[in-house]
Amino acid sequence: MKLDEFIENFAEQFDDTDPSEITASTVFHDLEEWGSLIGMGVIALAKTQYGKTITGADIKSCVTVEDLFNLINNK
């Protein structure tokens, strides 16, 4: 899994946020559109695209998009 590919897939979870706003260093909890539904989408993304199981608690422990990438990559 490559970071830039993950960022693209992560950005697709958002309807109203411009994908160019989302980078490896983005603090995703601070994005206006971030919420529990997108969090569920990220859990589904990890499972369907990468075959990894993560939880809401796992997501809460991450700060940046790169932290989330590393979490999924290391599962």
# chains A, B, ... in the order shown; residues from 1 in each chain; ligands from 1
>>> select_by_dssp(residues="chain A", states="alpha helix (DSSP H)", output="PyMOL selection string")
chain A and resi 3-11+36-50+56-60+65-74
>>> residues_around(residues="stretch 53-61 of chain A", least_positions_apart="3", cutoff="9 Å", atoms="only C-alpha atoms", output="number ranges by chain")
A: 29, 36, 39-40, 42-44, 46-47, 50, 67-68, 71-72, 75
>>> closest_residue(among="A:Cys62, A:Lys52, A:Gly35, A:Lys2", to="A:Asn74", atoms="only C-alpha atoms")
A:Lys52
>>> closest_residue(among="A:Val65, A:Leu31, A:Asn73, A:Leu45", to="A:Asp16", atoms="only C-alpha atoms")
A:Leu31
>>> atom_distance(atom1="atom CA of A:Gln49", atom2="atom CA of A:Leu3")
13.5 Å
>>> closest_residue(among="A:Ile7, A:Val63, A:Gly51, A:Phe69", to="A:Thr23", atoms="only C-alpha atoms")
A:Ile7
